[in-house]
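What follows is a short report on a single structure.
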Amino acid sequence: MYSGLLIILLPLIAGWLLPFRKTDTLRRVNQLLGWMVYVILFFMGISLAFLDNLSSNLLAVFHTALVAAFCILLCNLLALRGLEKYAPWQHAHRQEKLPSRLHMALDSLKLCGVVVLGFLLGLTQWPLLHHASTASEYALIFLLFLVGIQLRGSGMTLRQIILNRRGMLVAVVVLVSALIGGLIAALVLGMPLKTGLALASGFGWYSLSGILMTEAFGPVIGSAAFFNDLVRELVAIMLIPALIGRHRSSALGLCGATSMDFTLPVLQRAGGNEIVPAAIVHGFVMSLLAPILIALFSA
C-alpha cells in the first residue's frame, strides 16, 4: 500500500542527504531538473493519448481542474484575508516597475505545449509509445532525487525558517485552507476525499504535481492536477500587483511553492526587498511539503 510513498520519499531524501554546495554543481542540477520536467510532461501527454473514451476524459480533465482551482483558491483567499485582519503586515514600500507578466505567463504555458506535443505524438499509437508510462516512472525517481539536491542547496536552515514568522504563518494558513478547499472540491466532484486532498497539495508546483498525480491516479487526475496548479501560478502573476499594497499576505500566499523561484521577481518588484525572506521561507516550506503530502494522500 505504501510502496508509492517510499518510491517518492526515498529519492527525495537521498538527494537531500548529498551536501552539494558548489554553485556550478547546483546550477547544473537546476538545468537538468528543468530538462527532466519537460521529459516527464512529454510522457504524461503520451499517456493521456492512450486513454479510452478520449473526448469525454478530456472534458473530465478540464472540469476537474477548474472546480479544484476555484475551491482551493477561494479558500486560500478567504483564510489569508482573515490573517490580514487579525495580524496585518506593516510595510512602507512603494511598488516598482514590474517585469512583463505576459512574458512570465508565456513561460508557464510552454510546459502546456510540451504536454500537447506528447499527446499529439501519442495519437499515432506507435507500439514503442506503450512504454511511456514505465519510462516516466524511472524519470520521476531521478527527478525527485534532483529536487532533494535542489532543496538542500537552497541554503535554508531550520533556524532561518522558524525565525521568519510571517513566511511560516502564511505557509500554515495556505496549507490548511488549501486542504479544506481540496475536500470541498472532492465533494463537489464526487471523488474520494484523499484524491481531493492530493489535488490541493501541489501548491502551484504544477510540473511536479502533474507528474506525481499521474503516477498515483492516472493521466486524467494527473493532467487535472497540472492545470489546477498552472491556473494558480497564472492567477498569482496577474493579481500580485493589485493585492500587494493592502493585501501582502494574500499576494504571497497565492504564489504557493513558486514564491521562492518563478514568482519571486514579481513579489520583489511589487513588495520590495523586505518581502523576499518571507517569500523564500514560504516557498521553501510549500516546496518541501508538496511531494510529501501528495505521496501521503496517494498512498
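Chain lettering (A, B, ...) mirrors the order of the C-alpha cells, residue numbering begins at 1 for each chain separately, and ligand numbering begins at 1 in order of display.
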Determine, counting only C-alpha atoms, which protein, DNA and RNA residues have an atom within 10 Å of an atom of stretch 29-36 of chain A; residues of the same chain fewer than 2 positions away are not included. Present the result as an MDAnalysis selection string. chainID A and resid 20 23:27 38:42 136 139:140 142:147 149:150 153 207
Export, as an mmCIF file, in the first residue's frame, the selected residues with C-alpha atoms.
```
data_model
loop_
_atom_site.group_PDB
_atom_site.id
_atom_site.type_symbol
_atom_site.label_atom_id
_atom_site.label_comp_id
_atom_site.auth_asym_id
_atom_site.auth_seq_id
_atom_site.Cartn_x
_atom_site.Cartn_y
_atom_site.Cartn_z
ATOM 1 C CA PHE A 20 26.328 19.762 -2.679
ATOM 2 C CA THR A 23 27.462 26.945 -7.337
ATOM 3 C CA ASP A 24 28.428 25.245 -10.612
ATOM 4 C CA THR A 25 27.134 21.867 -9.428
ATOM 5 C CA LEU A 26 23.831 23.328 -8.218
ATOM 6 C CA ARG A 27 23.424 25.238 -11.474
ATOM 7 C CA TYR A 38 9.947 18.618 -19.899
ATOM 8 C CA VAL A 39 10.713 14.919 -20.468
ATOM 9 C CA ILE A 40 8.189 13.664 -17.921
ATOM 10 C CA LEU A 41 5.448 16.065 -19.016
ATOM 11 C CA PHE A 42 6.027 14.825 -22.567
ATOM 12 C CA SER A 136 8.108 8.104 -16.830
ATOM 13 C CA ALA A 139 12.387 9.528 -14.905
ATOM 14 C CA LEU A 140 10.231 10.525 -11.915
ATOM 15 C CA PHE A 142 15.541 10.678 -10.932
ATOM 16 C CA LEU A 143 13.617 13.977 -10.891
ATOM 17 C CA LEU A 144 12.761 13.593 -7.193
ATOM 18 C CA PHE A 145 16.425 12.873 -6.460
ATOM 19 C CA LEU A 146 17.312 16.168 -8.174
ATOM 20 C CA VAL A 147 14.554 18.001 -6.259
ATOM 21 C CA ILE A 149 19.505 18.150 -4.039
ATOM 22 C CA GLN A 150 17.908 21.460 -5.057
ATOM 23 C CA GLY A 153 21.252 23.505 -1.941
ATOM 24 C CA SER A 207 5.161 20.338 -13.109
#
```
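Residues in contact range of A:Ala68, defined as at most 9 Å between only C-alpha atoms, with sequence neighbours fewer than 5 positions away removed, read His63, Leu73, Gly181, Gly182, Ile184, Ala185, Ala186, Leu189, Gly196, Leu199, Ala200, Ala224, Ala225 and Asn228 of chain A.
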I'd like the neighbourhood of A:Leu264 as number ranges by chain, where a residue qualifies if any of its atoms comes within 8 Å (using only C-alpha atoms), though same-chain residues fewer than 3 positions away should be ignored. A: 258-261, 267-268, 276, 279-280
Mind writing the picked residues with N, CA and C atoms as a JSON list (two decimals), in the first residue's frame?
```
[["chain", "number", "residue", "atom", "x", "y", "z"],
["A", 258, "THR", "N", 5.85, 28.54, -5.68],
["A", 258, "THR", "CA", 6.64, 29.30, -6.66],
["A", 258, "THR", "C", 7.19, 30.60, -6.08],
["A", 259, "SER", "N", 6.86, 30.94, -4.82],
["A", 259, "SER", "CA", 7.32, 32.22, -4.28],
["A", 259, "SER", "C", 8.82, 32.26, -4.04],
["A", 260, "MET", "N", 9.49, 31.09, -4.07],
["A", 260, "MET", "CA", 10.95, 31.10, -3.90],
["A", 260, "MET", "C", 11.69, 31.06, -5.23],
["A", 261, "ASP", "N", 10.95, 30.99, -6.35],
["A", 261, "ASP", "CA", 11.64, 30.97, -7.63],
["A", 261, "ASP", "C", 10.89, 31.77, -8.69],
["A", 267, "LEU", "N", 7.14, 39.44, -6.88],
["A", 267, "LEU", "CA", 6.95, 39.81, -5.48],
["A", 267, "LEU", "C", 7.96, 40.87, -5.04],
["A", 268, "GLN", "N", 9.21, 40.70, -5.47],
["A", 268, "GLN", "CA", 10.26, 41.65, -5.05],
["A", 268, "GLN", "C", 10.02, 43.03, -5.64],
["A", 276, "VAL", "N", 11.17, 39.54, 0.46],
["A", 276, "VAL", "CA", 11.94, 38.42, -0.08],
["A", 276, "VAL", "C", 12.19, 37.30, 0.94],
["A", 279, "ALA", "N", 9.07, 35.39, 1.40],
["A", 279, "ALA", "CA", 8.72, 34.67, 0.17],
["A", 279, "ALA", "C", 9.56, 33.40, 0.03],
["A", 280, "ILE", "N", 10.85, 33.49, 0.35],
["A", 280, "ILE", "CA", 11.73, 32.32, 0.22],
["A", 280, "ILE", "C", 11.35, 31.25, 1.24]]
```
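Minimum atom-to-atom distances from A:Thr64, A:Thr214, A:Arg246, A:Val285 to A:Lys85 were compared using only C-alpha atoms, and the lowest value belongs to A:Arg246.
Counting from atom CA of A:Leu193, the distance to atom CA of A:Ser133 is 25.5 Å.
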From the list A:Val266, A:Ala79, A:Ile13, A:Leu212, which residue is nearest A:Ile180 when using only C-alpha atoms? A:Ala79
List every residue of stretch 89-281 of chain A that DSSP, applied to the backbone, labels as helix (DSSP H, G or I), and write the result as a PyMOL selection string. chain A and resi 101-122+127-153+158-163+165-189+193-200+206-217+219-243+248-260+264-271+273-281
Which residue is closest to A:Ala278? Choose from A:Asn164, A:Thr195, A:Ser201, A:Ser177 and count only C-alpha atoms. A:Asn164
Just give me the gap between atom CA of A:Leu10 and atom CA of A:Ala135 in Å, one decimal is fine. 18.4 Å
Spatial neighbours of A:Ile244, max dist 7 Å, only C-alpha atoms, sep filter under 4 positions, as a ChimeraX atom specification: /A:240,248,251,270-271
File of the preceding selection, C-alpha atoms, as a short mmCIF file (atom, residue, chain, number, x, y, z; two decimals), in the first residue's frame:
```cif
data_model
loop_
_atom_site.label_atom_id
_atom_site.label_comp_id
_atom_site.auth_asym_id
_atom_site.auth_seq_id
_atom_site.Cartn_x
_atom_site.Cartn_y
_atom_site.Cartn_z
CA ILE A 240 0.18 40.26 -7.23
CA ARG A 248 0.53 41.40 1.08
CA ALA A 251 -0.26 38.16 -2.69
CA ALA A 270 5.91 44.86 -6.21
CA GLY A 271 6.59 44.37 -2.49
#
```
Shortest contact to A:Leu17, candidates A:Met213, A:Leu151, A:Leu121, A:Val220, atoms counted only C-alpha atoms, goes to A:Leu151
